[in-house]
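Have a look at the structure below before the remarks.
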Amino acid sequence: MSEFAPMDILGKKFNKRFHGYSEMEVHDYLTELARVIEGLLRERGELRQHVHHMDQELNAFRERETALKEALVAAQRSAETTIEVARVEGQRIVDEGQRLSDRLVDEANGRVQNIETVIGDLRNRRREIRAELNRMVELLQGLIDDDQQRERGERSAPQLASFQRPPQEGSEGR
């Protein structure tokens, strides 16, 4: 379809023939037609500009969509990496905590064994001291018994010896 400009329509000349159309009606009709086509051409130009603008916006949105998709993929990868790093770090911390708790339990068990050994040694020492005290008590009791026996023996013997004077000469008959 060929393009019609409003001026082409208004400037169009028709051959005259006998019993042809009314020149005025044709001219009015063509003027109206030119005005409508001019409006349509203007609207088409505006629509082309609008379509061009919309194409630019669409391209910008597509670029944004691509950037967002790339950012989303990068964020997803980053999140996965962060989660994996956190999981590995968490496992490391748990393992380290387990090793520490095992070491502390081993140390505590070692201390318990040491304390039990010390308690056993103290009990043995207490028994030894008690046996030694019993020997000392028996020894002291033996000394006491010996002393009591000596004392009983001393009661039967005079305590002090009487001193007698030797006889004097000449005083025998007195």
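In the structure tokens, chains take the letters A, B, ... in the order shown, each chain's residues start at 1, and ligands count up from 1 in the order shown.
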Selection near region 23-27 of chain A, 12 Å with only C-alpha atoms, sequence-local residues under 5 positions removed, as an NGL selection string: :A and (9-17 or 32-34)
